[in-house]
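Shown next: start.cif, containing mmCIF, C-alpha atoms.
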data_structure
loop_
_atom_site.label_atom_id
_atom_site.label_comp_id
_atom_site.auth_asym_id
_atom_site.auth_seq_id
_atom_site.Cartn_x
_atom_site.Cartn_y
_atom_site.Cartn_z
CA MET A 1 27.48 -3.01 -15.66
CA GLN A 2 25.28 -4.78 -18.22
CA ASP A 3 23.10 -3.09 -20.83
CA LYS A 4 19.35 -2.85 -20.36
CA ASN A 5 17.75 -6.21 -19.64
CA ASN A 6 14.60 -7.12 -21.60
CA LYS A 7 13.75 -10.00 -19.28
CA TRP A 8 11.17 -9.75 -16.54
CA LEU A 9 12.47 -9.87 -12.98
CA ILE A 10 9.87 -11.79 -10.96
CA VAL A 11 10.04 -11.31 -7.19
CA VAL A 12 8.13 -13.96 -5.23
CA ASN A 13 7.30 -13.70 -1.54
CA PRO A 14 6.67 -17.32 -0.45
CA ALA A 15 5.47 -16.14 2.98
CA ALA A 16 2.59 -14.08 1.51
CA ALA A 17 -0.94 -15.07 2.57
CA ILE A 18 0.51 -17.19 5.39
CA GLY A 19 2.41 -19.44 2.99
CA LYS A 20 -0.18 -19.68 0.20
CA CYS A 21 2.23 -18.00 -2.18
CA LYS A 22 4.86 -20.71 -1.61
CA LYS A 23 2.26 -23.40 -2.24
CA ASP A 24 0.90 -21.71 -5.39
CA TRP A 25 4.18 -20.55 -6.96
CA PRO A 26 4.71 -23.74 -9.05
CA GLU A 27 1.22 -23.29 -10.53
CA ILE A 28 1.86 -19.59 -11.19
CA GLU A 29 5.23 -20.29 -12.81
CA LYS A 30 3.67 -22.81 -15.20
CA ILE A 31 1.36 -20.03 -16.46
CA PHE A 32 4.31 -17.69 -17.06
CA ILE A 33 6.03 -20.44 -19.06
CA LYS A 34 2.85 -21.21 -21.02
CA GLU A 35 2.37 -17.52 -21.86
CA GLY A 36 5.93 -17.29 -23.15
CA PHE A 37 7.47 -14.95 -20.60
CA ASP A 38 11.25 -14.52 -20.61
CA TYR A 39 12.06 -14.05 -16.95
CA ASP A 40 14.30 -14.60 -13.96
CA ALA A 41 12.55 -15.40 -10.68
CA ILE A 42 13.92 -14.80 -7.19
CA LEU A 43 12.18 -15.87 -3.97
CA THR A 44 12.49 -13.68 -0.89
CA THR A 45 13.76 -15.20 2.35
CA HIS A 46 13.04 -12.51 4.96
CA PRO A 47 11.17 -9.20 5.48
CA GLY A 48 12.76 -6.40 3.48
CA HIS A 49 14.51 -8.81 1.12
CA ALA A 50 12.49 -7.71 -1.93
CA ILE A 51 13.86 -4.17 -1.56
CA ASP A 52 17.43 -5.45 -1.86
CA ILE A 53 16.59 -7.88 -4.66
CA VAL A 54 14.96 -5.22 -6.82
CA ARG A 55 17.46 -2.44 -6.13
CA ASP A 56 20.50 -4.64 -6.69
CA ASN A 57 19.19 -6.41 -9.79
CA ILE A 58 18.10 -3.20 -11.49
CA THR A 59 21.45 -1.60 -10.68
CA GLU A 60 23.66 -4.53 -11.63
CA LYS A 61 21.68 -6.30 -14.37
CA GLY A 62 19.55 -3.57 -15.90
CA TYR A 63 16.03 -4.96 -15.38
CA GLN A 64 13.28 -2.49 -16.27
CA LYS A 65 10.31 -4.86 -16.08
CA ILE A 66 9.41 -6.13 -12.61
CA ILE A 67 6.61 -8.44 -11.41
CA SER A 68 5.67 -8.59 -7.73
CA ILE A 69 4.08 -11.84 -6.54
CA GLY A 70 2.64 -11.58 -3.03
CA GLY A 71 0.52 -9.10 -1.15
CA ASP A 72 0.46 -5.34 -0.68
CA GLY A 73 3.51 -5.58 1.55
CA THR A 74 5.46 -7.32 -1.21
CA ASN A 75 4.38 -4.63 -3.68
CA ASN A 76 5.56 -2.02 -1.20
CA GLU A 77 9.01 -3.59 -0.92
CA VAL A 78 9.30 -3.83 -4.71
CA ILE A 79 8.32 -0.17 -5.05
CA ASN A 80 10.94 0.83 -2.46
CA GLY A 81 13.55 -1.22 -4.31
CA ILE A 82 12.69 0.60 -7.54
CA PHE A 83 12.81 4.02 -5.90
CA SER A 84 16.09 3.34 -4.07
CA GLN A 85 18.06 2.49 -7.24
CA GLN A 86 19.84 5.17 -9.25
CA ARG A 87 20.34 3.48 -12.62
CA PHE A 88 17.03 4.33 -14.30
CA ALA A 89 14.42 7.02 -13.82
CA THR A 90 11.44 5.34 -12.17
CA THR A 91 9.32 6.40 -15.15
CA GLU A 92 11.45 3.98 -17.22
CA ILE A 93 10.36 1.06 -15.02
CA THR A 94 7.26 -1.08 -15.64
CA MET A 95 5.72 -3.08 -12.79
CA GLY A 96 3.09 -5.80 -12.79
CA VAL A 97 1.42 -7.48 -9.82
CA VAL A 98 0.20 -11.03 -9.26
CA PRO A 99 -1.88 -10.80 -6.06
CA VAL A 100 -1.42 -13.62 -3.56
CA GLY A 101 -1.78 -11.60 -0.37
CA THR A 102 -4.15 -11.27 2.55
CA GLY A 103 -5.58 -7.81 1.88
CA ASN A 104 -4.83 -7.26 -1.84
CA ASP A 105 -6.01 -3.66 -1.55
CA TRP A 106 -4.14 -2.04 -4.46
CA ILE A 107 -5.71 -4.31 -7.08
CA ARG A 108 -9.24 -3.38 -5.97
CA THR A 109 -9.04 0.16 -7.34
CA PHE A 110 -8.33 -1.26 -10.81
CA ASP A 111 -10.58 -4.35 -10.60
CA ILE A 112 -7.59 -6.62 -11.22
CA PRO A 113 -8.71 -10.26 -10.99
CA MET A 114 -7.37 -12.71 -8.43
CA GLU A 115 -7.34 -15.61 -10.92
CA TYR A 116 -3.70 -16.23 -11.79
CA GLU A 117 -4.19 -16.98 -15.49
CA LYS A 118 -6.36 -13.90 -16.11
CA ASN A 119 -3.96 -11.77 -14.13
CA ILE A 120 -0.88 -12.94 -16.01
CA GLN A 121 -2.64 -12.41 -19.33
CA ILE A 122 -3.23 -8.79 -18.28
CA ILE A 123 0.50 -8.45 -17.57
CA LYS A 124 1.30 -9.97 -20.95
CA ALA A 125 -1.05 -7.48 -22.68
CA GLY A 126 1.12 -4.76 -21.12
CA HIS A 127 -1.37 -1.89 -20.78
CA THR A 128 0.39 0.61 -18.52
CA PHE A 129 -0.92 3.35 -16.27
CA ALA A 130 1.28 6.27 -15.15
CA HIS A 131 0.73 5.90 -11.41
CA ASP A 132 1.36 8.41 -8.62
CA ILE A 133 3.63 7.36 -5.75
CA GLY A 134 3.51 8.62 -2.18
CA LYS A 135 6.75 9.56 -0.41
CA LEU A 136 6.66 9.45 3.40
CA THR A 137 9.24 10.92 5.76
CA TYR A 138 8.94 9.62 9.31
CA TYR A 139 11.30 9.48 12.29
CA ASN A 140 13.04 6.52 13.88
CA ASP A 141 14.45 7.65 17.25
CA GLY A 142 14.79 11.16 15.82
CA ASP A 143 16.45 10.09 12.55
CA PRO A 144 14.47 10.89 9.39
CA LYS A 145 13.60 7.86 7.27
CA ILE A 146 11.94 7.69 3.86
CA ARG A 147 9.38 5.17 2.61
CA TYR A 148 7.58 5.13 -0.74
CA PHE A 149 4.13 3.65 -1.25
CA LEU A 150 1.87 2.69 -4.12
CA ASN A 151 -1.49 2.48 -2.40
CA ALA A 152 -2.11 3.86 1.08
CA SER A 153 -0.80 4.76 4.50
CA GLY A 154 -2.49 5.28 7.84
CA THR A 155 -2.09 6.33 11.44
CA GLY A 156 -4.11 6.17 14.62
CA LEU A 157 -6.41 3.16 14.87
CA ASP A 158 -5.31 2.01 11.39
CA GLU A 159 -1.70 1.55 12.50
CA MET A 160 -2.70 -0.15 15.74
CA VAL A 161 -4.96 -2.64 13.92
CA CYS A 162 -2.22 -3.26 11.38
CA ASN A 163 0.27 -4.03 14.15
CA THR A 164 -2.14 -6.44 15.85
CA THR A 165 -2.97 -8.13 12.53
CA ASN A 166 0.71 -8.54 11.68
CA THR A 167 1.22 -10.29 15.01
CA MET A 168 -1.62 -12.66 14.12
CA LYS A 169 -0.02 -13.34 10.73
CA ARG A 170 3.29 -14.21 12.34
CA ASN A 171 1.36 -16.72 14.41
CA GLY A 172 -0.18 -18.25 11.30
CA LYS A 173 -3.57 -16.51 11.51
CA GLY A 174 -4.94 -14.15 8.89
CA GLY A 175 -7.86 -13.15 6.67
CA THR A 176 -10.71 -10.66 6.80
CA ILE A 177 -12.28 -12.17 9.93
CA ARG A 178 -8.99 -11.88 11.81
CA TYR A 179 -8.71 -8.26 10.68
CA LEU A 180 -12.17 -7.48 12.03
CA ILE A 181 -11.29 -9.18 15.33
CA SER A 182 -8.20 -6.96 15.52
CA LEU A 183 -10.34 -3.92 14.74
CA VAL A 184 -12.76 -4.63 17.58
CA LYS A 185 -9.96 -5.25 20.08
CA CYS A 186 -8.13 -2.09 19.10
CA ILE A 187 -11.24 0.12 19.23
CA LEU A 188 -11.64 -0.88 22.87
CA THR A 189 -8.05 -0.02 23.80
CA TYR A 190 -7.00 2.76 21.39
CA LYS A 191 -5.93 6.02 23.03
CA ILE A 192 -7.38 9.03 21.19
CA THR A 193 -4.57 11.33 19.98
CA HIS A 194 -4.59 15.03 19.09
CA ILE A 195 -3.07 15.96 15.73
CA GLN A 196 -2.44 19.02 13.62
CA LEU A 197 -2.96 18.34 9.92
CA THR A 198 -1.40 20.72 7.41
CA ILE A 199 -2.13 20.37 3.69
CA ASP A 200 -0.17 22.37 1.12
CA ASP A 201 1.03 24.72 3.91
CA GLU A 202 -2.47 25.37 5.31
CA LEU A 203 -3.53 24.09 8.73
CA VAL A 204 -6.85 22.38 7.99
CA PHE A 205 -7.46 20.25 11.10
CA ASP A 206 -6.48 20.65 14.76
CA ASP A 207 -8.34 18.10 16.88
CA SER A 208 -8.33 14.56 18.27
CA ILE A 209 -8.62 11.62 15.90
CA LEU A 210 -9.64 8.00 15.99
CA ASN A 211 -8.12 7.29 12.61
CA LEU A 212 -6.46 8.90 9.60
CA SER A 213 -6.02 7.28 6.17
CA ILE A 214 -4.03 8.80 3.33
CA GLY A 215 -3.55 7.37 -0.12
CA ASN A 216 -3.31 7.38 -3.88
CA CYS A 217 -5.93 4.65 -4.22
CA ARG A 218 -9.28 3.83 -2.65
CA PHE A 219 -8.89 0.78 -0.42
CA ASN A 220 -6.92 -0.33 2.60
CA GLY A 221 -7.45 -2.59 5.61
CA GLY A 222 -8.44 -5.61 3.52
CA GLY A 223 -11.14 -4.09 1.34
CA MET A 224 -12.29 -1.02 3.29
CA MET A 225 -12.97 1.85 0.89
CA THR A 226 -11.48 4.48 3.15
CA MET A 227 -10.68 6.95 0.33
CA PRO A 228 -13.62 6.41 -2.04
CA LYS A 229 -12.86 9.32 -4.36
CA ALA A 230 -9.12 8.77 -4.76
CA ILE A 231 -7.67 8.80 -8.28
CA PRO A 232 -4.16 7.34 -8.59
CA ASN A 233 -2.92 9.70 -11.30
CA ASP A 234 -4.31 13.11 -10.25
CA GLY A 235 -1.21 14.20 -8.33
CA LEU A 236 -3.13 14.44 -5.05
CA PHE A 237 -3.44 12.44 -1.85
CA ASP A 238 -6.92 11.77 -0.52
CA VAL A 239 -7.03 12.11 3.28
CA THR A 240 -9.86 10.71 5.41
CA VAL A 241 -9.97 11.69 9.08
CA ILE A 242 -12.29 10.09 11.62
CA LYS A 243 -12.55 12.27 14.70
CA LYS A 244 -13.26 10.98 18.16
CA VAL A 245 -16.50 9.00 17.85
CA SER A 246 -18.38 6.67 20.17
CA ILE A 247 -17.52 3.00 19.92
CA PHE A 248 -21.17 2.17 19.29
CA LYS A 249 -21.51 4.65 16.43
CA PHE A 250 -18.31 3.43 14.82
CA ALA A 251 -19.30 -0.23 15.19
CA ALA A 252 -22.72 0.48 13.67
CA ASN A 253 -21.02 1.89 10.57
CA VAL A 254 -18.29 -0.71 10.03
CA LYS A 255 -20.16 -2.17 7.06
CA ASN A 256 -20.21 1.29 5.47
CA LEU A 257 -16.40 1.33 5.48
CA TYR A 258 -16.50 -1.31 2.75
CA ASP A 259 -18.50 0.72 0.23
CA GLY A 260 -17.21 4.19 1.13
CA THR A 261 -20.57 5.53 2.26
CA PHE A 262 -19.31 6.11 5.81
CA ILE A 263 -17.87 9.48 4.74
CA ASN A 264 -21.45 10.75 4.35
CA LYS A 265 -23.01 8.85 7.26
CA ILE A 266 -20.65 9.75 10.11
CA ASN A 267 -20.53 13.44 10.98
CA GLU A 268 -17.14 12.96 12.58
CA VAL A 269 -15.55 12.10 9.22
CA LYS A 270 -13.65 14.82 7.38
CA THR A 271 -12.01 14.49 3.95
CA PHE A 272 -9.21 16.53 2.39
CA ARG A 273 -6.99 16.55 -0.68
CA GLY A 274 -3.51 17.84 -1.35
CA SER A 275 -0.05 17.07 -2.68
CA ARG A 276 1.94 17.82 0.49
CA ILE A 277 0.69 16.62 3.87
CA ARG A 278 2.19 17.15 7.33
CA ILE A 279 0.90 15.44 10.47
CA VAL A 280 2.11 16.52 13.90
CA SER A 281 0.93 14.70 17.01
CA ILE A 282 0.34 16.23 20.41
CA PRO A 283 2.26 15.16 22.45
CA PRO A 284 5.14 14.89 19.94
CA HIS A 285 6.22 11.48 18.60
CA SER A 286 3.09 9.81 20.03
CA LEU A 287 1.82 8.33 16.76
CA LEU A 288 3.14 5.51 14.62
CA VAL A 289 2.33 5.04 10.94
CA GLU A 290 1.87 2.14 8.53
CA THR A 291 2.36 1.91 4.79
CA GLU A 292 0.89 -1.06 2.92
CA GLY A 293 0.69 -2.99 6.20
CA GLU A 294 4.22 -2.24 7.45
CA ASN A 295 4.46 -0.54 10.85
CA LEU A 296 6.91 2.36 11.06
CA ASN A 297 8.07 4.82 13.75
CA ASN A 298 6.97 7.79 14.43
CA SER A 299 5.47 11.25 14.14
CA PRO A 300 5.77 13.87 12.76
CA PHE A 301 4.96 12.59 9.26
CA ASP A 302 5.58 14.41 5.99
CA PHE A 303 3.94 13.11 2.81
CA GLU A 304 4.89 14.27 -0.68
CA MET A 305 3.18 13.15 -3.88
CA LEU A 306 5.36 12.06 -6.80
CA PRO A 307 2.98 12.38 -9.76
CA LYS A 308 2.91 9.70 -12.47
CA ALA A 309 6.19 8.29 -11.17
CA ILE A 310 5.97 4.66 -12.33
CA ASN A 311 4.25 2.60 -15.03
CA MET A 312 1.90 0.03 -13.49
CA ILE A 313 0.32 -2.69 -15.62
CA VAL A 314 -3.48 -2.64 -15.23
CA PRO A 315 -6.51 -3.88 -17.22
CA GLU A 316 -7.18 -1.71 -20.22
CA ASN A 317 -10.80 -1.24 -19.13
CA HIS A 318 -10.15 -0.13 -15.53
CA ASN A 319 -13.37 1.48 -14.39
CA PHE A 320 -12.56 4.67 -12.48
CA LYS A 321 -12.55 8.13 -14.03
CA SER A 322 -9.16 9.71 -14.48
#
Would you mind writing the file out in structure tokens?
Amino acid sequence: MQDKNNKWLIVVNPAAAIGKCKKDWPEIEKIFIKEGFDYDAILTTHPGHAIDIVRDNITEKGYQKIISIGGDGTNNEVINGIFSQQRFATTEITMGVVPVGTGNDWIRTFDIPMEYEKNIQIIKAGHTFAHDIGKLTYYNDGDPKIRYFLNASGTGLDEMVCNTTNTMKRNGKGGTIRYLISLVKCILTYKITHIQLTIDDELVFDDSILNLSIGNCRFNGGGMMTMPKAIPNDGLFDVTVIKKVSIFKFAANVKNLYDGTFINKINEVKTFRGSRIRIVSIPPHSLLVETEGENLNNSPFDFEMLPKAINMIVPENHNFKS
């Protein structure tokens, strides 16, 4: 096994943003070369590949500096690669992100720019933020599975819309408009589900839901501010529950999802905070969950916060209060 590796490991998802990442990678790489980065770059070839790339290269070659190039899903795979390796404590790993995705939700909390040159200069500056990580336990045909996430997770309507949107992406269709089309279709067909929500061992909600979002950061769903008060280093999840609500009322407030004001304008919205979250569906196993746009089987769900578990590179002047 080699000693620690001072190079950057750059993981590129050429399929991100329906192939935009593949098209733009030569331009992005020129900026890394111009800025003097010492790096090795590996392109993914299939879903889940980034997990293996990151885990194996940290373990075998000692990388401690990782850059994810793609969307939130790529970031999620990189995070899971980091957290599935045993060589280094995750707090000894530094991760930067070049956003080339469809939703790009994680970067919104930190006002990270989409312009490649500005973004790479931020990575070069190297200002790090000790970022919380969510740990999710879910069940695949009764077998417990673990998934880590940087930004957000969701169930109910959120998961259904995510699934529909992913199908559109596989067919070469994406973007905010497509997401909204998916949202409208899913609202009309979603089956309201009863859940029991327990936070830090206290049952706080026992009712039917339209949607539930849980996260370290503020945005998901391609720019919807579903957790407007979330702080990604306070050791707590923010949970936003939308109870059963009329289609017309929900549709009238869609625009308020994008600035976070819906939590005060819809009476059926409830918000909670905690470090350990358990969600049980009634009937059992009737809910699926998504993390960073990846659909996973099924309830019950157990969330545990891992406080300040990784060093993320962000702008030095990020504008939320910590």
Using all atoms listed in the file, pick whichever of A:Leu306, A:Leu296, A:Ile242, A:Val97 has the shortest atom-to-atom distance to Lys145 of chain A.
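Going through A:Leu306, A:Leu296, A:Ile242, A:Val97 one by one, the smallest distance to Lys145 of chain A is for A:Leu296.
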Which residue out of A:Val100, A:Val161, A:Ile122, A:Leu197 has the minimum interatomic distance to Val314 of chain A when all atoms listed in the file are used?
A:Ile122
Within 8 Å of Lys7 of chain A, counting all atoms listed in the file, which residues qualify if same-chain residues fewer than 4 places away don't, as a list in words?
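Answer for this query is Asp38, Tyr39, Asp40, Tyr63 and Lys65 of chain A.
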Which residue is closest to Phe219 of chain A? Choose from A:Asn317, A:Gln64, A:Asn151, A:Thr189 and count all atoms listed in the file.
A:Asn151
Give me, as a Markdown table, the closest atom pair and its distance (Å, one decimal) for every residue of segment 118-237 of chain A within a cut-off of 7 Å of segment 297-303 of chain A, counting all atoms listed in the file, rows sorted by chain and rising number.
| residue | atom | partner | partner_atom | distance |
| --- | --- | --- | --- | --- |
| A:Gly134 | CA | A:Phe303 | CA | 6.7 |
| A:Lys135 | CA | A:Phe303 | CA | 5.6 |
| A:Leu136 | CA | A:Phe303 | CA | 4.6 |
| A:Thr137 | CA | A:Asp302 | CA | 5.1 |
| A:Tyr138 | CA | A:Phe301 | CA | 5.0 |
| A:Tyr139 | CA | A:Asn298 | CA | 5.1 |
| A:Asn140 | CA | A:Asn297 | CA | 5.3 |
Can you list what the PyMOL selection byres ((chain A and resi 156) around 7) grabs from this structure, as JSON, numbers by chain?
{"A": [155, 157, 158, 159, 160, 210, 211, 212, 287]}
Let me make sure I understand: among A:Val204, A:Ile107, A:Ile192, A:Ile187, which one has the smallest atom-to-atom distance to Ile282 of chain A if we use all atoms listed in the file?
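Once distances to Ile282 of chain A are computed over all atoms listed in the file, the minimum belongs to A:Ile192.
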Any chance you could work out the residue set of the PyMOL selection byres ((chain A and resi 46) around 12) here, as a compact mmCIF listing (two decimals) with C-alpha atoms, in the coordinates of the input?
# COMPACT_ATOMS: atom_id res chain seq x y z
CA VAL A 12 8.13 -13.96 -5.23
CA ASN A 13 7.30 -13.70 -1.54
CA PRO A 14 6.67 -17.32 -0.45
CA ALA A 15 5.47 -16.14 2.98
CA ALA A 16 2.59 -14.08 1.51
CA LEU A 43 12.18 -15.87 -3.97
CA THR A 44 12.49 -13.68 -0.89
CA THR A 45 13.76 -15.20 2.35
CA PRO A 47 11.17 -9.20 5.48
CA GLY A 48 12.76 -6.40 3.48
CA HIS A 49 14.51 -8.81 1.12
CA ALA A 50 12.49 -7.71 -1.93
CA ILE A 51 13.86 -4.17 -1.56
CA ASP A 52 17.43 -5.45 -1.86
CA ILE A 53 16.59 -7.88 -4.66
CA THR A 74 5.46 -7.32 -1.21
CA GLU A 77 9.01 -3.59 -0.92
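Note that atom CA of Asp111 of chain A and atom CA of Leu9 of chain A are 23.8 Å apart.
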The PyMOL selection byres ((chain A and resi 228-241) around 8) resolved against shown file, as a ChimeraX atom specification
/A:130-132,134,209-219,225-227,242-243,259-260,269-276,305-308,320-322
So which residues fall inside 12 Å of (23.3, -5.6, -14.3) if we count only C-alpha atoms? Mind giving them as a tab-separated table (two decimals) with C-alpha atoms, in the coordinates of the input?
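Output contents, as saved in point-v1.tsv:
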chain	number	residue	atom	x	y	z
A	1	MET	CA	27.48	-3.01	-15.66
A	2	GLN	CA	25.28	-4.78	-18.22
A	3	ASP	CA	23.10	-3.09	-20.83
A	4	LYS	CA	19.35	-2.85	-20.36
A	5	ASN	CA	17.75	-6.21	-19.64
A	6	ASN	CA	14.60	-7.12	-21.60
A	7	LYS	CA	13.75	-10.00	-19.28
A	9	LEU	CA	12.47	-9.87	-12.98
A	53	ILE	CA	16.59	-7.88	-4.66
A	54	VAL	CA	14.96	-5.22	-6.82
A	55	ARG	CA	17.46	-2.44	-6.13
A	56	ASP	CA	20.50	-4.64	-6.69
A	57	ASN	CA	19.19	-6.41	-9.79
A	58	ILE	CA	18.10	-3.20	-11.49
A	59	THR	CA	21.45	-1.60	-10.68
A	60	GLU	CA	23.66	-4.53	-11.63
A	61	LYS	CA	21.68	-6.30	-14.37
A	62	GLY	CA	19.55	-3.57	-15.90
A	63	TYR	CA	16.03	-4.96	-15.38
A	64	GLN	CA	13.28	-2.49	-16.27
A	85	GLN	CA	18.06	2.49	-7.24
A	87	ARG	CA	20.34	3.48	-12.62
A	88	PHE	CA	17.03	4.33	-14.30
So what do you get for atom CA of Thr90 of chain A versus atom CA of Ile313 of chain A, distance-wise?
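Atom-to-atom, atom CA of Thr90 of chain A to atom CA of Ile313 of chain A, that is 14.1 Å.
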Gap from atom CA of Ile112 of chain A to atom CA of His318 of chain A - Å, one decimal
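A separation of 8.2 Å between them.
Shortest atom-to-atom contact with Arg147 of chain A among A:Val78, A:Ile279, A:Ile263, A:Ile93: A:Val78, counting only C-alpha atoms.
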Kindly write C-alpha atoms of segment 49-62 of chain A from the structure just given to a file, as a CSV table (one decimal), in the first residue's frame.
chain,number,residue,atom,x,y,z
A,49,HIS,CA,-19.0,3.4,-10.6
A,50,ALA,CA,-17.8,6.5,-8.7
A,51,ILE,CA,-18.3,4.6,-5.4
A,52,ASP,CA,-15.9,1.9,-6.5
A,53,ILE,CA,-13.4,4.4,-8.0
A,54,VAL,CA,-13.2,6.5,-4.9
A,55,ARG,CA,-13.2,3.6,-2.3
A,56,ASP,CA,-10.5,1.6,-4.2
A,57,ASN,CA,-8.3,4.6,-5.1
A,58,ILE,CA,-8.3,5.9,-1.5
A,59,THR,CA,-7.6,2.4,-0.2
A,60,GLU,CA,-4.9,1.4,-2.7
A,61,LYS,CA,-3.3,4.7,-3.6
A,62,GLY,CA,-3.8,7.0,-0.6
